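Shown below: work_38.cif, with mmCIF, C-alpha atoms.
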data_entry
loop_
_atom_site.group_PDB
_atom_site.id
_atom_site.type_symbol
_atom_site.label_atom_id
_atom_site.label_comp_id
_atom_site.auth_asym_id
_atom_site.auth_seq_id
_atom_site.Cartn_x
_atom_site.Cartn_y
_atom_site.Cartn_z
ATOM 1 C CA MET A 18 -146.301 117.841 168.454
ATOM 2 C CA THR A 19 -142.823 117.612 166.995
ATOM 3 C CA MET A 20 -143.389 113.956 166.155
ATOM 4 C CA GLN A 21 -146.576 114.794 164.340
ATOM 5 C CA ILE A 22 -144.835 117.446 162.250
ATOM 6 C CA ALA A 23 -142.062 115.006 161.326
ATOM 7 C CA ILE A 24 -144.461 112.217 160.299
ATOM 8 C CA ALA A 25 -146.963 114.379 158.436
ATOM 9 C CA PRO A 26 -144.966 115.135 155.286
ATOM 10 C CA PRO A 27 -144.352 111.471 154.230
ATOM 11 C CA THR A 28 -148.052 110.713 154.762
ATOM 12 C CA ALA A 29 -149.035 113.691 152.673
ATOM 13 C CA SER A 30 -146.596 112.743 149.936
ATOM 14 C CA ARG A 31 -147.972 109.195 149.785
ATOM 15 C CA THR A 32 -151.544 110.432 149.460
ATOM 16 C CA THR A 33 -150.603 112.876 146.721
ATOM 17 C CA GLN A 34 -148.522 110.347 144.817
ATOM 18 C CA GLN A 35 -151.110 107.529 144.778
ATOM 19 C CA PRO A 36 -153.473 109.135 142.197
ATOM 20 C CA ASP A 37 -150.489 109.966 140.003
ATOM 21 C CA ALA A 38 -149.273 106.361 140.184
ATOM 22 C CA ARG A 39 -152.734 105.075 139.352
ATOM 23 C CA ALA A 40 -153.009 107.480 136.430
ATOM 24 C CA ALA A 41 -149.623 106.359 135.136
ATOM 25 C CA THR A 42 -150.649 102.705 135.435
ATOM 26 C CA VAL A 43 -153.920 103.332 133.602
ATOM 27 C CA GLU A 44 -152.096 105.279 130.910
ATOM 28 C CA SER A 45 -149.552 102.485 130.454
ATOM 29 C CA ARG A 46 -152.399 100.046 130.046
ATOM 30 C CA ARG A 47 -154.086 102.254 127.483
ATOM 31 C CA LYS A 48 -151.041 102.586 125.277
ATOM 32 C CA PRO A 49 -150.834 98.936 124.094
ATOM 33 C CA ARG A 50 -154.625 98.603 123.916
ATOM 34 C CA PHE A 51 -154.521 98.423 120.106
ATOM 35 C CA TRP A 52 -152.405 95.243 120.275
ATOM 36 C CA ARG A 53 -153.984 93.737 123.371
ATOM 37 C CA ILE A 54 -154.816 90.035 122.997
ATOM 38 C CA ARG A 55 -158.502 89.807 122.072
ATOM 39 C CA GLY A 56 -158.799 93.513 122.663
ATOM 40 C CA GLU A 57 -161.537 95.804 121.412
ATOM 41 C CA LEU A 58 -161.419 98.133 118.415
ATOM 42 C CA SER A 59 -163.583 101.120 117.736
ATOM 43 C CA ARG A 60 -165.982 100.771 114.821
ATOM 44 C CA ARG A 61 -164.107 103.409 112.835
ATOM 45 C CA THR A 62 -160.742 101.700 113.338
ATOM 46 C CA ALA A 63 -162.189 98.320 112.420
ATOM 47 C CA TRP A 64 -163.688 99.688 109.195
ATOM 48 C CA LEU A 65 -160.420 101.418 108.279
ATOM 49 C CA LEU A 66 -158.405 98.241 108.800
ATOM 50 C CA THR A 67 -160.964 96.194 106.880
ATOM 51 C CA GLY A 68 -160.873 98.595 103.956
ATOM 52 C CA ALA A 69 -157.074 98.606 103.952
ATOM 53 C CA GLY A 70 -156.910 94.820 104.072
ATOM 54 C CA LEU A 71 -159.318 94.466 101.141
ATOM 55 C CA SER A 72 -157.797 97.281 99.073
ATOM 56 C CA LEU A 73 -154.110 96.421 99.385
ATOM 57 C CA PRO A 74 -154.112 93.292 97.135
ATOM 58 C CA PHE A 75 -156.056 95.143 94.425
ATOM 59 C CA LEU A 76 -153.690 98.107 94.661
ATOM 60 C CA LEU A 77 -150.666 95.828 94.247
ATOM 61 C CA TRP A 78 -152.407 94.083 91.355
ATOM 62 C CA TRP A 79 -153.104 97.425 89.661
ATOM 63 C CA LEU A 80 -149.498 98.592 90.154
ATOM 64 C CA TRP A 81 -148.111 95.312 88.813
ATOM 65 C CA THR A 82 -150.126 95.568 85.606
ATOM 66 C CA ALA A 83 -149.812 99.371 85.228
ATOM 67 C CA LEU A 84 -146.012 99.132 85.321
ATOM 68 C CA GLY A 85 -146.072 96.543 82.548
ATOM 69 C CA LEU A 86 -144.578 93.791 84.709
ATOM 70 C CA ALA A 87 -147.168 91.214 83.611
ATOM 71 C CA ASP A 88 -148.351 89.948 80.255
ATOM 72 C CA PRO A 89 -152.038 90.964 79.816
ATOM 73 C CA MET A 90 -152.691 87.548 78.309
ATOM 74 C CA PHE A 91 -151.923 85.897 81.647
ATOM 75 C CA MET A 92 -152.709 88.682 84.124
ATOM 76 C CA PRO A 93 -155.199 91.305 82.942
ATOM 77 C CA SER A 94 -155.512 94.630 84.701
ATOM 78 C CA PRO A 95 -158.317 95.334 87.197
ATOM 79 C CA GLY A 96 -159.873 97.689 84.649
ATOM 80 C CA ALA A 97 -159.984 94.942 82.010
ATOM 81 C CA VAL A 98 -161.618 92.585 84.493
ATOM 82 C CA LEU A 99 -164.246 95.172 85.439
ATOM 83 C CA GLU A 100 -164.927 95.788 81.759
ATOM 84 C CA ARG A 101 -165.376 92.050 81.245
ATOM 85 C CA ILE A 102 -167.831 91.880 84.157
ATOM 86 C CA GLY A 103 -169.813 94.684 82.529
ATOM 87 C CA ARG A 104 -169.992 92.815 79.195
ATOM 88 C CA TRP A 105 -170.867 89.604 81.028
ATOM 89 C CA TRP A 106 -173.731 91.389 82.773
ATOM 90 C CA THR A 107 -175.174 93.069 79.700
ATOM 91 C CA ARG A 108 -174.580 90.465 76.979
ATOM 92 C CA GLU A 109 -173.755 87.059 78.451
ATOM 93 C CA GLY A 110 -176.320 86.492 81.192
ATOM 94 C CA LEU A 111 -174.264 87.036 84.334
ATOM 95 C CA LEU A 112 -177.350 87.256 86.544
ATOM 96 C CA GLY A 113 -178.518 83.817 85.380
ATOM 97 C CA ASP A 114 -175.071 82.318 86.006
ATOM 98 C CA ILE A 115 -175.013 83.776 89.526
ATOM 99 C CA GLY A 116 -178.523 82.529 90.259
ATOM 100 C CA ILE A 117 -177.925 78.917 89.174
ATOM 101 C CA SER A 118 -174.585 78.750 91.002
ATOM 102 C CA VAL A 119 -176.083 80.129 94.227
ATOM 103 C CA TRP A 120 -178.910 77.595 93.978
ATOM 104 C CA ARG A 121 -176.517 74.659 93.476
ATOM 105 C CA VAL A 122 -174.287 75.669 96.371
ATOM 106 C CA MET A 123 -177.134 76.340 98.787
ATOM 107 C CA ALA A 124 -178.969 73.150 97.804
ATOM 108 C CA GLY A 125 -175.892 70.997 98.431
ATOM 109 C CA PHE A 126 -175.015 72.852 101.606
ATOM 110 C CA GLY A 127 -178.586 72.745 102.909
ATOM 111 C CA ALA A 128 -178.920 69.011 102.258
ATOM 112 C CA SER A 129 -175.644 68.287 104.054
ATOM 113 C CA ALA A 130 -176.637 70.465 107.036
ATOM 114 C CA LEU A 131 -180.053 68.795 107.254
ATOM 115 C CA ILE A 132 -178.406 65.396 107.776
ATOM 116 C CA ALA A 133 -175.099 66.364 109.400
ATOM 117 C CA LEU A 134 -176.568 68.386 112.291
ATOM 118 C CA PRO A 135 -178.617 65.585 113.922
ATOM 119 C CA LEU A 136 -176.005 62.954 113.044
ATOM 120 C CA GLY A 137 -173.166 65.002 114.534
ATOM 121 C CA LEU A 138 -175.313 65.698 117.595
ATOM 122 C CA TYR A 139 -175.695 61.979 118.240
ATOM 123 C CA ILE A 140 -172.028 61.237 117.516
ATOM 124 C CA GLY A 141 -170.946 63.913 119.992
ATOM 125 C CA THR A 142 -173.471 62.839 122.644
ATOM 126 C CA TYR A 143 -173.398 59.041 122.672
ATOM 127 C CA ARG A 144 -170.152 57.074 122.724
ATOM 128 C CA PRO A 145 -171.596 53.958 120.975
ATOM 129 C CA VAL A 146 -172.696 56.111 118.021
ATOM 130 C CA GLN A 147 -169.277 57.781 117.988
ATOM 131 C CA ALA A 148 -167.453 54.436 117.984
ATOM 132 C CA PHE A 149 -169.706 53.118 115.204
ATOM 133 C CA LEU A 150 -169.788 56.109 112.803
ATOM 134 C CA GLU A 151 -166.812 58.397 113.455
ATOM 135 C CA PRO A 152 -164.084 56.099 112.022
ATOM 136 C CA LEU A 153 -166.119 55.619 108.832
ATOM 137 C CA THR A 154 -166.672 59.369 108.518
ATOM 138 C CA ASP A 155 -162.960 60.001 109.084
ATOM 139 C CA PHE A 156 -162.170 57.478 106.369
ATOM 140 C CA ILE A 157 -164.512 58.944 103.743
ATOM 141 C CA ARG A 158 -163.731 62.613 104.352
ATOM 142 C CA TYR A 159 -160.175 62.168 103.048
ATOM 143 C CA MET A 160 -161.458 61.021 99.669
ATOM 144 C CA PRO A 161 -161.430 63.942 97.189
ATOM 145 C CA ALA A 162 -164.865 64.963 95.979
ATOM 146 C CA VAL A 163 -163.636 65.189 92.389
ATOM 147 C CA ALA A 164 -162.916 61.439 92.460
ATOM 148 C CA PHE A 165 -166.646 60.783 92.894
ATOM 149 C CA ILE A 166 -167.609 62.544 89.645
ATOM 150 C CA PRO A 167 -167.645 59.385 87.468
ATOM 151 C CA LEU A 168 -169.728 57.517 90.059
ATOM 152 C CA VAL A 169 -172.093 60.445 90.521
ATOM 153 C CA MET A 170 -172.663 60.622 86.773
ATOM 154 C CA LEU A 171 -173.474 56.894 86.733
ATOM 155 C CA TRP A 172 -175.739 57.024 89.789
ATOM 156 C CA VAL A 173 -177.548 60.321 89.303
ATOM 157 C CA GLY A 174 -176.958 61.284 85.663
ATOM 158 C CA ILE A 175 -175.864 64.689 84.405
ATOM 159 C CA ASP A 176 -178.811 66.791 85.581
ATOM 160 C CA GLU A 177 -178.820 69.294 88.439
ATOM 161 C CA GLY A 178 -178.873 66.519 91.027
ATOM 162 C CA SER A 179 -175.321 65.478 90.160
ATOM 163 C CA LYS A 180 -173.939 68.971 90.760
ATOM 164 C CA VAL A 181 -175.775 69.293 94.066
ATOM 165 C CA LEU A 182 -174.522 65.852 95.107
ATOM 166 C CA ILE A 183 -170.877 66.781 94.453
ATOM 167 C CA ILE A 184 -171.216 69.819 96.739
ATOM 168 C CA PHE A 185 -172.997 67.627 99.298
ATOM 169 C CA ILE A 186 -170.138 65.096 99.282
ATOM 170 C CA GLY A 187 -167.561 67.869 99.597
ATOM 171 C CA THR A 188 -169.139 69.364 102.726
ATOM 172 C CA PHE A 189 -171.115 66.644 104.510
ATOM 173 C CA PHE A 190 -168.413 64.520 106.150
ATOM 174 C CA GLN A 191 -166.371 67.463 107.436
ATOM 175 C CA MET A 192 -169.547 69.051 108.768
ATOM 176 C CA VAL A 193 -170.519 65.891 110.673
ATOM 177 C CA LEU A 194 -167.189 65.758 112.503
ATOM 178 C CA MET A 195 -167.173 69.486 113.283
ATOM 179 C CA VAL A 196 -170.712 69.322 114.673
ATOM 180 C CA ALA A 197 -169.753 66.335 116.822
ATOM 181 C CA GLU A 198 -166.743 68.230 118.160
ATOM 182 C CA ASP A 199 -168.913 71.271 118.957
ATOM 183 C CA VAL A 200 -171.275 69.035 120.929
ATOM 184 C CA ARG A 201 -168.410 67.413 122.823
ATOM 185 C CA ARG A 202 -167.232 70.855 123.983
ATOM 186 C CA VAL A 203 -170.385 71.335 126.074
ATOM 187 C CA PRO A 204 -169.154 71.313 129.708
ATOM 188 C CA MET A 205 -169.868 68.070 131.538
ATOM 189 C CA ALA A 206 -170.790 70.118 134.603
ATOM 190 C CA GLN A 207 -173.926 71.343 132.846
ATOM 191 C CA ILE A 208 -174.946 67.786 131.952
ATOM 192 C CA GLU A 209 -174.312 66.530 135.485
ATOM 193 C CA ALA A 210 -176.303 69.430 136.931
ATOM 194 C CA ALA A 211 -179.259 68.501 134.717
ATOM 195 C CA GLN A 212 -178.957 64.848 135.748
ATOM 196 C CA THR A 213 -178.951 65.891 139.410
ATOM 197 C CA MET A 214 -182.182 67.792 138.816
ATOM 198 C CA GLY A 215 -183.790 64.639 137.382
ATOM 199 C CA ALA A 216 -183.651 65.370 133.625
ATOM 200 C CA ASN A 217 -183.765 62.331 131.359
ATOM 201 C CA ARG A 218 -181.531 61.809 128.321
ATOM 202 C CA GLY A 219 -183.906 63.410 125.837
ATOM 203 C CA GLU A 220 -184.346 66.480 128.020
ATOM 204 C CA ILE A 221 -180.585 66.813 128.492
ATOM 205 C CA VAL A 222 -180.017 66.708 124.727
ATOM 206 C CA LYS A 223 -182.860 69.115 123.983
ATOM 207 C CA LEU A 224 -182.547 71.560 126.873
ATOM 208 C CA VAL A 225 -178.844 71.452 127.799
ATOM 209 C CA ILE A 226 -176.536 70.166 125.059
ATOM 210 C CA LEU A 227 -178.221 71.690 122.023
ATOM 211 C CA PRO A 228 -178.717 75.220 123.451
ATOM 212 C CA SER A 229 -175.170 75.278 124.800
ATOM 213 C CA ALA A 230 -173.691 74.188 121.451
ATOM 214 C CA LYS A 231 -175.794 76.491 119.242
ATOM 215 C CA PRO A 232 -173.232 79.346 118.911
ATOM 216 C CA ALA A 233 -170.490 76.913 117.879
ATOM 217 C CA LEU A 234 -172.872 75.102 115.525
ATOM 218 C CA LEU A 235 -173.698 78.328 113.709
ATOM 219 C CA ASP A 236 -169.984 79.031 113.298
ATOM 220 C CA THR A 237 -169.554 75.518 111.884
ATOM 221 C CA LEU A 238 -172.306 76.178 109.347
ATOM 222 C CA ARG A 239 -170.603 79.430 108.355
ATOM 223 C CA ILE A 240 -167.264 77.712 107.775
ATOM 224 C CA THR A 241 -168.682 74.750 105.864
ATOM 225 C CA CYS A 242 -170.777 77.057 103.682
ATOM 226 C CA GLY A 243 -167.457 78.559 102.564
ATOM 227 C CA TRP A 244 -166.234 75.064 101.713
ATOM 228 C CA ALA A 245 -169.375 74.490 99.654
ATOM 229 C CA TRP A 246 -168.447 77.471 97.468
ATOM 230 C CA THR A 247 -164.969 76.035 96.877
ATOM 231 C CA TYR A 248 -166.563 72.921 95.344
ATOM 232 C CA LEU A 249 -168.651 74.909 92.857
ATOM 233 C CA VAL A 250 -166.180 74.693 89.968
ATOM 234 C CA VAL A 251 -165.730 70.963 90.596
ATOM 235 C CA ALA A 252 -169.493 70.445 90.634
ATOM 236 C CA GLU A 253 -169.960 72.328 87.369
ATOM 237 C CA LEU A 254 -167.511 70.024 85.624
ATOM 238 C CA VAL A 255 -170.431 67.602 85.318
ATOM 239 C CA ALA A 256 -171.996 68.497 81.946
ATOM 240 C CA ALA A 257 -172.973 72.018 82.954
ATOM 241 C CA ASN A 258 -173.919 74.719 80.458
ATOM 242 C CA SER A 259 -174.385 77.596 82.917
ATOM 243 C CA GLY A 260 -173.021 78.904 86.183
ATOM 244 C CA LEU A 261 -169.948 80.778 87.369
ATOM 245 C CA GLY A 262 -167.802 77.657 87.566
ATOM 246 C CA TYR A 263 -168.804 76.616 84.058
ATOM 247 C CA ALA A 264 -167.967 80.105 82.781
ATOM 248 C CA ILE A 265 -164.503 79.900 84.368
ATOM 249 C CA LEU A 266 -163.826 76.505 82.784
ATOM 250 C CA LYS A 267 -165.065 77.677 79.388
ATOM 251 C CA ALA A 268 -162.937 80.820 79.585
ATOM 252 C CA GLN A 269 -159.878 78.716 80.393
ATOM 253 C CA ARG A 270 -160.492 76.727 77.215
ATOM 254 C CA TYR A 271 -160.312 79.890 75.092
ATOM 255 C CA MET A 272 -157.623 81.681 77.165
ATOM 256 C CA HIS A 273 -159.994 84.441 78.296
ATOM 257 C CA THR A 274 -158.084 85.170 81.464
ATOM 258 C CA ASP A 275 -160.056 88.347 82.133
ATOM 259 C CA LYS A 276 -163.220 86.257 82.453
ATOM 260 C CA ILE A 277 -161.408 83.724 84.656
ATOM 261 C CA PHE A 278 -160.420 86.544 87.018
ATOM 262 C CA ALA A 279 -163.948 87.956 86.860
ATOM 263 C CA GLY A 280 -165.522 84.607 87.773
ATOM 264 C CA ILE A 281 -163.119 84.029 90.658
ATOM 265 C CA LEU A 282 -163.716 87.521 92.047
ATOM 266 C CA LEU A 283 -167.490 87.162 91.766
ATOM 267 C CA ILE A 284 -167.418 83.874 93.678
ATOM 268 C CA GLY A 285 -165.298 85.561 96.337
ATOM 269 C CA VAL A 286 -167.688 88.520 96.629
ATOM 270 C CA ILE A 287 -170.758 86.274 96.921
ATOM 271 C CA GLY A 288 -168.978 84.119 99.483
ATOM 272 C CA LEU A 289 -167.999 87.221 101.465
ATOM 273 C CA PHE A 290 -171.620 88.406 101.585
ATOM 274 C CA THR A 291 -172.715 84.929 102.676
ATOM 275 C CA ASP A 292 -170.105 84.894 105.419
ATOM 276 C CA GLN A 293 -171.160 88.320 106.657
ATOM 277 C CA ALA A 294 -174.794 87.195 106.687
ATOM 278 C CA PHE A 295 -173.854 84.295 108.974
ATOM 279 C CA ARG A 296 -171.876 86.658 111.225
ATOM 280 C CA TRP A 297 -174.839 89.048 111.427
ATOM 281 C CA LEU A 298 -177.138 86.157 112.312
ATOM 282 C CA HIS A 299 -174.698 85.029 114.999
ATOM 283 C CA ARG A 300 -174.613 88.505 116.539
ATOM 284 C CA ARG A 301 -178.402 88.754 116.493
ATOM 285 C CA ALA A 302 -179.000 85.259 117.872
ATOM 286 C CA PHE A 303 -176.314 85.311 120.570
ATOM 287 C CA PRO A 304 -175.652 88.937 121.595
ATOM 288 C CA TRP A 305 -174.300 87.797 124.962
ATOM 289 C CA MET A 306 -171.309 86.154 123.198
ATOM 290 C CA ARG A 307 -169.838 89.593 122.423
ATOM 291 C CA LYS A 308 -169.755 90.436 126.129
#
Translate the structure of the given file into structure tokens.
Amino acid sequence: MTMQIAIAPPTASRTTQQPDARAATVESRRKPRFWRIRGELSRRTAWLLTGAGLSLPFLLWWLWTALGLADPMFMPSPGAVLERIGRWWTREGLLGDIGISVWRVMAGFGASALIALPLGLYIGTYRPVQAFLEPLTDFIRYMPAVAFIPLVMLWVGIDEGSKVLIIFIGTFFQMVLMVAEDVRRVPMAQIEAAQTMGANRGEIVKLVILPSAKPALLDTLRITCGWAWTYLVVAELVAANSGLGYAILKAQRYMHTDKIFAGILLIGVIGLFTDQAFRWLHRRAFPWMRK
């Protein structure tokens, strides 16, 4: 009986301390949750951080110009740029410029994706195709797209096809290699499992490799679509008389820096909406990726 009384208190203390220790451990894990690697954020926190990240550069820009630290000729204020966008919309056909630029970018991007996706799939799947085409693609992709402008004008002329072709050249070769790399990341265990079950090569490509690579392929399309927008101004160097890139180049000729800023910001806004559309499509098509 005496032994039981002597042993009971330590046992009781251990049982009472264990929940407290667990609570302290859980609490210590919760504290650095905001900075946890690949951690989760609440929707409200994510929106607040997004708004702060987008607003801070414009706030600094406004302060820089409001304090008179910049010459308005070279750096107009945000208000002057917004006023210029308003005049561009009402008097100078902004909607038409946006429409023709969006069409050129999407036509060049769509044409490159139409060819690059199957070609990259074969390069990433079959070693003979990789050995035959990948070195050539690596070689061409380092050539600047702007260097092809004289040849494009000779081959295609100065119509819309030349502008679409410049955007195609700027995005196609990088897209091919990225698609091939996405396909090569498909685990070999999945391919071997399909072979064990008697699948032939066509079935493995169609039912194993392509479905497994689809999330990465959509991300590749999102990234290369952004590259297509960066080639817009280069494409509209070719005898254009409309478009956002053409408007930027024309404004530079007459030192209308407010219109240059307006054109750059509009391209950024359209590109941001395009990027968010791809992200939304990715979430809808592959909801299991978020888990």
Picked residues, the PyMOL selection byres ((chain A and resi 176) around 12), as number ranges by chain: A: 121, 169-175, 177-183, 252-259
Output file for the residues above (C-alpha atoms, as a tab-separated table (two decimals), in the coordinates of the input):
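The resulting part_30.tsv:
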chain	number	residue	atom	x	y	z
A	121	ARG	CA	-176.52	74.66	93.48
A	169	VAL	CA	-172.09	60.44	90.52
A	170	MET	CA	-172.66	60.62	86.77
A	171	LEU	CA	-173.47	56.89	86.73
A	172	TRP	CA	-175.74	57.02	89.79
A	173	VAL	CA	-177.55	60.32	89.30
A	174	GLY	CA	-176.96	61.28	85.66
A	175	ILE	CA	-175.86	64.69	84.40
A	177	GLU	CA	-178.82	69.29	88.44
A	178	GLY	CA	-178.87	66.52	91.03
A	179	SER	CA	-175.32	65.48	90.16
A	180	LYS	CA	-173.94	68.97	90.76
A	181	VAL	CA	-175.78	69.29	94.07
A	182	LEU	CA	-174.52	65.85	95.11
A	183	ILE	CA	-170.88	66.78	94.45
A	252	ALA	CA	-169.49	70.44	90.63
A	253	GLU	CA	-169.96	72.33	87.37
A	254	LEU	CA	-167.51	70.02	85.62
A	255	VAL	CA	-170.43	67.60	85.32
A	256	ALA	CA	-172.00	68.50	81.95
A	257	ALA	CA	-172.97	72.02	82.95
A	258	ASN	CA	-173.92	74.72	80.46
A	259	SER	CA	-174.38	77.60	82.92
Pick from A:Gly243, A:Pro135, A:Gly125, A:Gly262 nearest to Gln293 in chain A, counting only C-alpha atoms: A:Gly243
Nearest residue to Gly219 in chain A from the set A:Thr188, A:Thr142, A:Ala279, A:Gly288 (distances using all atoms listed in the file):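 That would be A:Thr142, the residue with the smallest distance to Gly219 in chain A.
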Result set, the PyMOL selection byres ((chain A and resi 155-162) around 7) on current file, as JSON, numbers by chain: {"A": [151, 152, 153, 154, 163, 164, 165, 183, 186, 187, 190, 191]}
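Of note, CA of Arg301 in chain A and CA of Phe185 in chain A are spaced 27.8 Å apart.
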Between CA of Ile166 in chain A and CA of Val251 in chain A - distance in Å to one decimal: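 Answer for the CA of Val251 in chain A to CA of Ile166 in chain A separation: 8.7 Å.
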Residues matched by the PyMOL selection byres ((chain A and resi 226) around 9) as a PyMOL selection string: chain A and resi 138+142+200-201+203-204+207-208+221-225+227-231
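The residue that comes closest to Phe91 in chain A, out of A:Gln269, A:Thr237, A:Thr213, A:Ser129 and on the basis of all atoms listed in the file, is A:Gln269.
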All residues 12 Å or closer to Leu112 in chain A, all atoms listed in the file, same chain fewer than 6 positions away omitted, as a list of chain:residue names: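 With the cut-off at 12 Å, the set is A:Ile102, A:Gly103, A:Arg104, A:Trp105, A:Trp106, A:Ser118, A:Val119, A:Ser259, A:Gly260, A:Leu261, A:Leu283.
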Among listed residues A:Pro232, A:Met272, A:Leu111, A:Thr247, nearest Ala302 in chain A (using only C-alpha atoms):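 Closest residue, counting only C-alpha atoms: A:Pro232.
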Option closest in space to Tyr248 in chain A, from A:Tyr143, A:Phe295, A:Ile184, A:Leu168 [counting all atoms listed in the file]: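 Of A:Tyr143, A:Phe295, A:Ile184, A:Leu168, the one nearest Tyr248 in chain A is A:Ile184, counting all atoms listed in the file.
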Proximity to Val98 in chain A - best of A:Pro304, A:Gly285, A:Gly280, A:Gly141, only C-alpha atoms: A:Gly280
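Between CA of Phe303 in chain A and CA of Trp64 in chain A the separation is 22.3 Å.
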Set up a box along x, y and z of the file covering all listed atoms of range 225-228 of chain A, add 4 Å on every one of the six sides, and write the centre and edge lengths in Å to one decimal, as AutoDock Vina command-line options.
--center_x -177.7 --center_y 72.7 --center_z 124.9 --size_x 10.3 --size_y 13.1 --size_z 13.8
Completed range 174-185 of chain A (N, CA, C and O atoms) as a PDB file, keeping the file's coordinate frame:
ATOM      1  N   GLY A 174    -176.837  60.701  86.991  1.00  0.00           N
ATOM      2  CA  GLY A 174    -176.958  61.284  85.663  1.00  0.00           C
ATOM      3  C   GLY A 174    -176.217  62.609  85.601  1.00  0.00           C
ATOM      4  O   GLY A 174    -175.354  62.904  86.428  1.00  0.00           O
ATOM      5  N   ILE A 175    -176.578  63.421  84.620  1.00  0.00           N
ATOM      6  CA  ILE A 175    -175.864  64.689  84.405  1.00  0.00           C
ATOM      7  C   ILE A 175    -176.780  65.890  84.625  1.00  0.00           C
ATOM      8  O   ILE A 175    -176.461  66.998  84.195  1.00  0.00           O
ATOM      9  N   ASP A 176    -177.905  65.681  85.300  1.00  0.00           N
ATOM     10  CA  ASP A 176    -178.811  66.791  85.581  1.00  0.00           C
ATOM     11  C   ASP A 176    -178.321  67.584  86.804  1.00  0.00           C
ATOM     12  O   ASP A 176    -177.215  67.384  87.290  1.00  0.00           O
ATOM     13  N   GLU A 177    -179.189  68.444  87.305  1.00  0.00           N
ATOM     14  CA  GLU A 177    -178.820  69.294  88.439  1.00  0.00           C
ATOM     15  C   GLU A 177    -178.489  68.489  89.685  1.00  0.00           C
ATOM     16  O   GLU A 177    -177.673  68.903  90.508  1.00  0.00           O
ATOM     17  N   GLY A 178    -179.122  67.327  89.839  1.00  0.00           N
ATOM     18  CA  GLY A 178    -178.873  66.519  91.027  1.00  0.00           C
ATOM     19  C   GLY A 178    -177.423  66.120  91.180  1.00  0.00           C
ATOM     20  O   GLY A 178    -176.910  66.030  92.303  1.00  0.00           O
ATOM     21  N   SER A 179    -176.727  65.885  90.078  1.00  0.00           N
ATOM     22  CA  SER A 179    -175.321  65.478  90.160  1.00  0.00           C
ATOM     23  C   SER A 179    -174.451  66.612  90.688  1.00  0.00           C
ATOM     24  O   SER A 179    -173.529  66.383  91.486  1.00  0.00           O
ATOM     25  N   LYS A 180    -174.733  67.826  90.304  1.00  0.00           N
ATOM     26  CA  LYS A 180    -173.939  68.971  90.760  1.00  0.00           C
ATOM     27  C   LYS A 180    -174.185  69.235  92.245  1.00  0.00           C
ATOM     28  O   LYS A 180    -173.259  69.527  93.002  1.00  0.00           O
ATOM     29  N   VAL A 181    -175.445  69.123  92.647  1.00  0.00           N
ATOM     30  CA  VAL A 181    -175.775  69.293  94.066  1.00  0.00           C
ATOM     31  C   VAL A 181    -175.122  68.190  94.897  1.00  0.00           C
ATOM     32  O   VAL A 181    -174.613  68.437  96.001  1.00  0.00           O
ATOM     33  N   LEU A 182    -175.093  66.968  94.367  1.00  0.00           N
ATOM     34  CA  LEU A 182    -174.522  65.852  95.107  1.00  0.00           C
ATOM     35  C   LEU A 182    -173.015  66.010  95.299  1.00  0.00           C
ATOM     36  O   LEU A 182    -172.477  65.650  96.356  1.00  0.00           O
ATOM     37  N   ILE A 183    -172.320  66.547  94.308  1.00  0.00           N
ATOM     38  CA  ILE A 183    -170.877  66.781  94.453  1.00  0.00           C
ATOM     39  C   ILE A 183    -170.613  67.769  95.587  1.00  0.00           C
ATOM     40  O   ILE A 183    -169.716  67.565  96.422  1.00  0.00           O
ATOM     41  N   ILE A 184    -171.384  68.843  95.653  1.00  0.00           N
ATOM     42  CA  ILE A 184    -171.216  69.819  96.739  1.00  0.00           C
ATOM     43  C   ILE A 184    -171.581  69.182  98.074  1.00  0.00           C
ATOM     44  O   ILE A 184    -170.932  69.432  99.103  1.00  0.00           O
ATOM     45  N   PHE A 185    -172.612  68.344  98.079  1.00  0.00           N
ATOM     46  CA  PHE A 185    -172.997  67.627  99.298  1.00  0.00           C
ATOM     47  C   PHE A 185    -171.848  66.751  99.794  1.00  0.00           C
ATOM     48  O   PHE A 185    -171.501  66.769 100.980  1.00  0.00           O
TER      49      PHE A 185
END
